[in-house]
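Engineer: Pasting target27.cif here (mmCIF, C-alpha atoms):
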data_run
#
loop_
_atom_site.label_atom_id
_atom_site.label_comp_id
_atom_site.auth_asym_id
_atom_site.auth_seq_id
_atom_site.Cartn_x
_atom_site.Cartn_y
_atom_site.Cartn_z
CA MET B 1 76.29 79.99 136.60
CA ASN B 2 75.85 83.13 134.57
CA ASP B 3 77.80 85.13 137.14
CA ALA B 4 80.64 82.60 137.02
CA GLY B 5 80.64 82.73 133.23
CA SER B 6 80.70 86.53 133.30
CA VAL B 7 83.65 86.50 135.70
CA LYS B 8 85.55 84.03 133.49
CA SER B 9 84.81 86.13 130.42
CA PHE B 10 85.94 89.28 132.22
CA LEU B 11 89.17 87.64 133.43
CA ARG B 12 89.84 86.21 129.97
CA THR B 13 89.36 89.63 128.37
CA LYS B 14 91.58 91.34 130.93
CA GLY B 15 94.20 88.60 130.59
CA LEU B 16 94.31 88.93 126.82
CA GLY B 17 94.53 92.70 127.16
CA LEU B 18 97.44 92.36 129.59
CA VAL B 19 99.24 89.97 127.24
CA ALA B 20 98.71 92.40 124.36
CA TRP B 21 100.13 95.28 126.42
CA LEU B 22 103.15 93.21 127.47
CA ALA B 23 103.81 92.18 123.87
CA GLY B 24 103.52 95.81 122.76
CA ILE B 25 105.96 96.94 125.44
CA VAL B 26 108.45 94.22 124.49
CA PHE B 27 108.35 95.28 120.85
CA PHE B 28 108.53 98.98 121.74
CA LEU B 29 111.52 98.72 124.10
CA PRO B 30 114.18 98.49 121.35
CA VAL B 31 112.65 101.53 119.63
CA ALA B 32 112.62 103.48 122.89
CA TRP B 33 116.22 102.50 123.53
CA MET B 34 117.21 103.63 120.04
CA VAL B 35 115.54 107.01 120.59
CA LEU B 36 117.25 107.49 123.95
CA THR B 37 120.64 106.45 122.59
CA SER B 38 120.32 108.92 119.71
CA PHE B 39 120.36 111.76 122.28
CA HIS B 40 123.54 110.51 124.00
CA SER B 41 127.13 111.32 123.17
CA GLU B 42 129.16 108.59 121.49
CA THR B 43 131.12 107.95 124.68
CA ASP B 44 127.99 107.50 126.79
CA ALA B 45 126.31 105.39 124.10
CA ALA B 46 129.27 102.98 124.05
CA THR B 47 129.37 102.36 127.82
CA ASN B 48 128.75 98.83 129.09
CA PRO B 49 126.49 98.52 130.99
CA PRO B 50 124.58 101.37 129.35
CA SER B 51 124.01 104.56 131.29
CA PHE B 52 120.34 105.57 131.49
CA ALA B 53 121.09 108.86 133.25
CA ALA B 54 123.73 110.10 130.81
CA ALA B 55 123.58 113.71 129.66
CA LEU B 56 121.45 114.37 126.60
CA THR B 57 122.86 116.01 123.49
CA LEU B 58 121.98 116.66 119.85
CA ASP B 59 125.46 115.83 118.54
CA GLY B 60 124.25 112.70 116.79
CA TYR B 61 121.63 114.64 114.84
CA ARG B 62 124.11 117.41 114.02
CA ASP B 63 126.52 114.83 112.61
CA PHE B 64 123.71 113.20 110.65
CA PHE B 65 122.40 116.38 109.04
CA GLY B 66 125.92 117.68 108.47
CA ALA B 67 127.18 114.56 106.68
CA GLY B 68 127.33 114.01 102.93
CA GLY B 69 129.65 116.87 102.06
CA GLY B 70 127.40 119.52 103.54
CA LEU B 71 124.28 118.37 101.67
CA GLY B 72 123.19 116.20 104.56
CA PRO B 73 120.83 113.26 104.05
CA TRP B 74 118.47 115.11 101.70
CA PRO B 75 119.72 113.65 98.35
CA ALA B 76 119.51 110.13 99.80
CA LEU B 77 116.06 110.76 101.28
CA ILE B 78 114.82 112.18 97.97
CA ASN B 79 116.18 109.15 96.12
CA SER B 80 114.44 106.80 98.53
CA ALA B 81 111.19 108.73 98.18
CA VAL B 82 111.36 108.66 94.37
CA ALA B 83 112.19 104.94 94.24
CA SER B 84 109.57 103.98 96.84
CA VAL B 85 106.69 106.11 95.56
CA ALA B 86 107.32 105.43 91.86
CA SER B 87 107.68 101.67 92.36
CA THR B 88 104.57 101.55 94.56
CA LEU B 89 102.51 103.34 91.90
CA CYS B 90 103.81 100.96 89.23
CA VAL B 91 102.97 97.97 91.41
CA LEU B 92 99.40 99.18 91.96
CA LEU B 93 98.88 99.86 88.26
CA LEU B 94 100.04 96.33 87.38
CA ALA B 95 98.61 94.43 90.35
CA LEU B 96 95.05 95.77 90.14
CA PRO B 97 94.19 94.32 86.69
CA ALA B 98 96.13 91.12 87.48
CA ALA B 99 94.20 90.63 90.73
CA TYR B 100 90.97 91.40 88.87
CA ALA B 101 91.74 88.60 86.41
CA LEU B 102 92.48 86.18 89.26
CA SER B 103 89.51 86.96 91.49
CA ILE B 104 86.52 88.60 89.82
CA ARG B 105 87.11 87.14 86.35
CA PRO B 106 89.31 84.14 87.23
CA VAL B 107 91.38 82.56 84.49
CA LYS B 108 91.92 78.83 84.21
CA LYS B 109 94.12 77.34 86.92
CA TRP B 110 94.25 80.68 88.73
CA THR B 111 95.59 79.00 91.88
CA ASP B 112 98.62 77.84 89.89
CA VAL B 113 99.13 81.39 88.67
CA LEU B 114 99.07 82.68 92.26
CA PHE B 115 101.57 80.04 93.32
CA PHE B 116 103.83 81.02 90.43
CA PHE B 117 103.71 84.66 91.54
CA LEU B 118 104.59 83.69 95.10
CA SER B 119 107.31 81.24 94.02
CA THR B 120 109.33 84.12 92.57
CA LYS B 121 109.91 85.30 96.15
CA MET B 122 111.48 81.96 97.12
CA LEU B 123 114.72 82.70 95.25
CA PRO B 124 117.30 84.36 97.54
CA VAL B 125 117.83 87.95 96.47
CA VAL B 126 121.60 87.58 96.55
CA ALA B 127 121.37 84.81 93.92
CA GLY B 128 120.32 87.32 91.28
CA LEU B 129 122.65 90.08 92.39
CA LEU B 130 125.59 89.30 90.06
CA PRO B 131 123.49 89.04 86.86
CA LEU B 132 121.70 92.26 87.74
CA TYR B 133 125.00 94.01 88.40
CA LEU B 134 126.44 92.87 85.07
CA PHE B 135 123.26 93.92 83.28
CA ALA B 136 123.33 97.35 84.91
CA LYS B 137 127.02 97.78 84.15
CA ASN B 138 126.71 96.82 80.47
CA THR B 139 123.62 98.96 79.89
CA GLY B 140 124.81 102.05 81.75
CA PHE B 141 122.19 101.74 84.50
CA LEU B 142 124.62 101.60 87.41
CA ASP B 143 123.97 104.35 89.97
CA ASN B 144 120.58 105.08 88.36
CA ILE B 145 117.51 105.54 90.52
CA TRP B 146 115.21 104.22 87.78
CA LEU B 147 116.90 100.84 87.91
CA LEU B 148 115.86 100.62 91.56
CA VAL B 149 112.30 101.58 90.57
CA ILE B 150 112.19 98.65 88.15
CA LEU B 151 113.72 96.24 90.65
CA TYR B 152 111.45 97.30 93.51
CA THR B 153 108.42 96.99 91.24
CA SER B 154 109.36 93.44 90.26
CA MET B 155 110.13 92.53 93.87
CA ASN B 156 106.84 93.77 95.31
CA LEU B 157 104.52 92.82 92.46
CA PRO B 158 104.03 89.14 93.49
CA ILE B 159 103.08 90.06 97.05
CA ALA B 160 100.79 92.84 95.83
CA VAL B 161 98.95 90.54 93.41
CA TRP B 162 98.56 87.91 96.13
CA MET B 163 97.17 90.42 98.62
CA MET B 164 94.89 92.28 96.21
CA GLN B 165 93.46 89.03 94.85
CA SER B 166 91.93 88.32 98.25
CA PHE B 167 90.77 91.94 98.60
CA LEU B 168 89.10 92.07 95.19
CA ALA B 169 87.37 88.75 95.83
CA GLU B 170 85.16 90.69 98.27
CA VAL B 171 83.91 93.09 95.57
CA PRO B 172 80.27 92.26 94.65
CA VAL B 173 80.11 90.93 91.10
CA ALA B 174 76.60 92.37 90.68
CA VAL B 175 78.00 95.92 90.96
CA ILE B 176 80.55 95.24 88.23
CA GLU B 177 77.93 93.65 85.97
CA ALA B 178 75.65 96.65 86.46
CA ALA B 179 78.47 98.99 85.40
CA GLN B 180 79.17 96.86 82.34
CA ILE B 181 75.49 96.88 81.37
CA ASP B 182 75.66 100.69 81.50
CA GLY B 183 78.47 100.56 78.96
CA ALA B 184 81.52 100.90 81.22
CA ARG B 185 84.67 99.38 79.75
CA LEU B 186 87.29 97.53 81.77
CA PRO B 187 89.52 100.57 82.60
CA THR B 188 86.43 102.47 83.80
CA VAL B 189 85.26 99.49 85.84
CA LEU B 190 88.66 99.17 87.51
CA ALA B 191 89.05 102.91 88.20
CA ARG B 192 85.49 103.87 89.20
CA VAL B 193 83.94 100.68 90.56
CA VAL B 194 86.54 98.19 91.77
CA ALA B 195 89.14 100.62 93.13
CA PRO B 196 86.76 102.64 95.40
CA ILE B 197 85.24 99.48 96.88
CA ALA B 198 88.62 97.84 97.47
CA LEU B 199 90.32 101.08 98.58
CA PRO B 200 91.24 99.83 102.09
CA GLY B 201 92.91 96.77 100.60
CA ILE B 202 94.70 98.85 97.97
CA ALA B 203 95.91 101.24 100.68
CA ALA B 204 97.22 98.34 102.79
CA THR B 205 99.02 96.89 99.77
CA ALA B 206 100.50 100.26 98.86
CA LEU B 207 101.77 100.84 102.39
CA ILE B 208 103.46 97.45 102.57
CA CYS B 209 105.10 97.92 99.16
CA PHE B 210 106.26 101.40 100.19
CA ILE B 211 107.81 100.05 103.40
CA PHE B 212 109.59 97.21 101.59
CA SER B 213 110.98 99.61 98.99
CA TRP B 214 112.03 102.24 101.53
CA ASN B 215 113.88 99.70 103.71
CA GLU B 216 115.61 97.78 100.90
CA LEU B 217 119.39 97.84 101.27
CA LEU B 218 121.12 95.07 99.32
CA PHE B 219 120.31 96.18 95.76
CA ALA B 220 120.75 99.83 96.65
CA ARG B 221 124.11 99.15 98.26
CA VAL B 222 125.51 97.21 95.27
CA LEU B 223 123.87 98.99 92.33
CA THR B 224 124.13 102.63 93.42
CA GLY B 225 126.98 104.96 94.26
CA VAL B 226 126.79 108.70 94.80
CA VAL B 227 124.01 109.87 92.48
CA ALA B 228 121.33 107.28 93.33
CA GLU B 229 122.32 106.58 96.94
CA THR B 230 119.26 105.80 99.09
CA ALA B 231 118.61 106.51 102.75
CA PRO B 232 119.54 103.01 104.06
CA VAL B 233 122.84 103.18 102.15
CA PHE B 234 123.49 106.64 103.56
CA LEU B 235 122.86 105.25 107.05
CA THR B 236 125.50 102.52 106.66
CA GLY B 237 128.09 105.21 105.95
CA PHE B 238 128.17 106.04 109.68
CA ILE B 239 129.44 102.56 110.58
CA THR B 240 133.24 102.77 110.75
CA SER B 241 136.02 100.45 111.87
CA GLN B 242 137.14 103.04 114.45
CA GLY B 243 133.98 102.50 116.51
CA LEU B 244 132.03 105.13 118.44
CA PHE B 245 129.23 105.43 115.90
CA LEU B 246 126.23 104.08 117.84
CA ALA B 247 124.64 107.43 118.67
CA LYS B 248 124.92 108.69 115.07
CA VAL B 249 123.47 105.43 113.72
CA CYS B 250 120.54 105.62 116.15
CA ALA B 251 119.88 109.25 115.20
CA ALA B 252 120.05 108.38 111.49
CA SER B 253 117.79 105.35 111.98
CA LEU B 254 115.18 107.44 113.77
CA VAL B 255 115.12 110.17 111.13
CA ILE B 256 115.03 107.69 108.24
CA SER B 257 112.20 105.77 109.90
CA LEU B 258 109.99 108.85 110.25
CA PRO B 259 108.54 108.80 106.68
CA VAL B 260 107.48 105.17 107.10
CA LEU B 261 106.00 105.88 110.53
CA ALA B 262 104.15 108.92 109.18
CA ALA B 263 102.75 106.91 106.25
CA GLY B 264 101.63 104.13 108.57
CA PHE B 265 100.01 106.56 110.98
CA ALA B 266 98.19 108.40 108.18
CA ALA B 267 96.88 105.16 106.66
CA GLN B 268 96.29 103.20 109.85
CA ASP B 269 92.50 103.11 109.48
CA LYS B 270 92.73 101.95 105.86
CA LEU B 271 95.43 99.45 106.84
CA VAL B 272 93.24 97.87 109.53
CA GLN B 273 90.25 97.72 107.19
CA GLY B 274 92.32 96.32 104.34
CA LEU B 275 94.02 93.60 106.37
CA SER B 276 90.64 92.56 107.83
CA LEU B 277 88.94 92.19 104.42
CA GLY B 278 87.92 88.61 103.85
CA ALA B 279 88.33 87.69 107.53
CA VAL B 280 84.58 87.42 108.04
CA LYS B 281 82.34 85.69 105.54
#
For the file at hand, write its structure as structure tokens.

Structural biologist:
Amino acid sequence: MNDAGSVKSFLRTKGLGLVAWLAGIVFFLPVAWMVLTSFHSETDAATNPPSFAAALTLDGYRDFFGAGGGLGPWPALINSAVASVASTLCVLLLALPAAYALSIRPVKKWTDVLFFFLSTKMLPVVAGLLPLYLFAKNTGFLDNIWLLVILYTSMNLPIAVWMMQSFLAEVPVAVIEAAQIDGARLPTVLARVVAPIALPGIAATALICFIFSWNELLFARVLTGVVAETAPVFLTGFITSQGLFLAKVCAASLVISLPVLAAGFAAQDKLVQGLSLGAVK
């Protein structure tokens, strides 16, 4: 009976592992195809059915780095980095005390407050696009990177508060009370007690906010022009009505995705720890 149970457990484990590998391969195939296409010429990339054995070339990357009037993608990448990093820092600075008030020192009807935060994400983004455009136009904020910082902060703040509330709920209250008995004020408690304990959750929240800001296209497309153009907007410039742009778009997509992939790889241990906080009581 024990042997039969061990065999079933072994087969179940191997079966789940096989399913996980198959799911990973399915999700990775489009990325692998994008990478391969980026090294093809435009003619070979546009063939139907696609040619797997087509000659490899770096023309797509040369066109990508040579675009933008000789400056290449660097101004757009810098704008995306500024908007993403600055908005993520602002989100963390605002979400940490808000999550503290909703978890460790909960206010009255804190569940209603959380629902209100989340309900702000239910409005379609395009519904607020015209008022934001008129506001930016009348205040001189069109084509200004700091407008995107403000918008990305407001967009990501509800999700950050929701996530960090569950992370901070795992912080032992006794540790905070001990720091307060020693005379630590609220900013010191947040910076030196709560933040180090909840660091994996904060890192997971920061990474998600960074990814959302880096990939945002709609606001950046409508509210920016030449000065504050971001990387996703720069990428769409390769799509033309004449066709034959697939290889350049794949090359641009790969290069623009590298900062997000690098950030995810660097913070993968913190991301796993943060997303698993609160899973086991």

Engineer: Need the shell around Leu235 in chain B: protein/DNA/RNA residues with any atom at most 9 Å away, counting all atoms listed in the file. Skip same-chain ones fewer than 3 positions apart. Format as a list in words?

Structural biologist: Phe64, Pro73, Thr230, Ala231, Pro232, Phe238, Ile239, Lys248, Val249, Ala252, Ser253 and Ile256 of chain B

Engineer: Using only C-alpha atoms, which protein or nucleic acid residues come within 12 Å of range 129-140 of chain B? Drop anything in the same chain fewer than 6 positions from it, and give the result as a list in words.

Structural biologist: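 Residues meeting the cut-off are Leu123, Trp146, Leu147, Leu148, Ile150, Leu151, Leu218, Phe219, Ala220, Arg221, Val222, Leu223 and Thr224 of chain B.
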
Engineer: Selected by the PyMOL selection byres ((chain B and resi 163) around 9) in the shown coordinates: which residues, as a VMD selection string?

Structural biologist: chain B and resid 99 158 to 162 164 to 168 201 to 202 204 to 205 275

Engineer: Nearest to Val125 in chain B among B:Leu157, B:Leu217, B:Leu93, B:Ile78, with distances taken over all atoms listed in the file: which residue is it?

Structural biologist: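 Answer, going by the shortest atom-to-atom distance: B:Leu217.
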
Engineer: Applied to the shown file, which residues does the PyMOL selection byres ((chain B and resi 153) around 10) return, written as a list in words?

Structural biologist: Ala83, Ser84, Ala86, Ser87, Thr88, Leu89, Cys90, Val91, Leu92, Leu94, Leu147, Leu148, Val149, Ile150, Leu151, Tyr152, Ser154, Met155, Asn156, Leu157, Pro158, Ala160, Cys209 and Ser213 of chain B

Engineer: Given the point (127.3, 112.1, 127.2) in the file's coordinates, find the residues that have an atom at most 6 Å from it, counting all atoms listed in the file, and give them as a ChimeraX atom specification.

Structural biologist: /B:40-41,44,54-55

Engineer: Could you work out an axis-aligned box for range 107-122 of chain B, taking every atom the file lists and adding 5 Å on each side, and report centre and edge lengths in Å to one decimal, as JSON?

Structural biologist:
{"center_x": 101.4, "center_y": 81.3, "center_z": 90.7, "size_x": 30.1, "size_y": 18.0, "size_z": 22.9}

Engineer: Using only C-alpha atoms, which of the listed residues (B:Val233, B:Ala67, B:Ile25, B:Leu77) sits closest to Leu258 in chain B?

Structural biologist: B:Leu77

Engineer: Expand the PyMOL selection byres ((chain B and resi 172) around 12) into the explicit residue set it covers here, and present it as number ranges by chain.

Structural biologist: B: 103-105, 167-171, 173-179, 193-194, 197-198

Engineer: Please measure the separation of CA of Cys250 in chain B and CA of Leu56 in chain B, giving the value in Å to one decimal.

Structural biologist: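 Computing the Euclidean distance for CA of Cys250 in chain B and CA of Leu56 in chain B yields 13.7 Å.
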
Engineer: Ranking B:Phe245, B:Phe115, B:Phe141, B:Ala195 by minimum distance to Glu42 in chain B and counting only C-alpha atoms, which one comes first?

Structural biologist: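 Between B:Phe245, B:Phe115, B:Phe141, B:Ala195, the residue approaching Glu42 in chain B most closely is B:Phe245.
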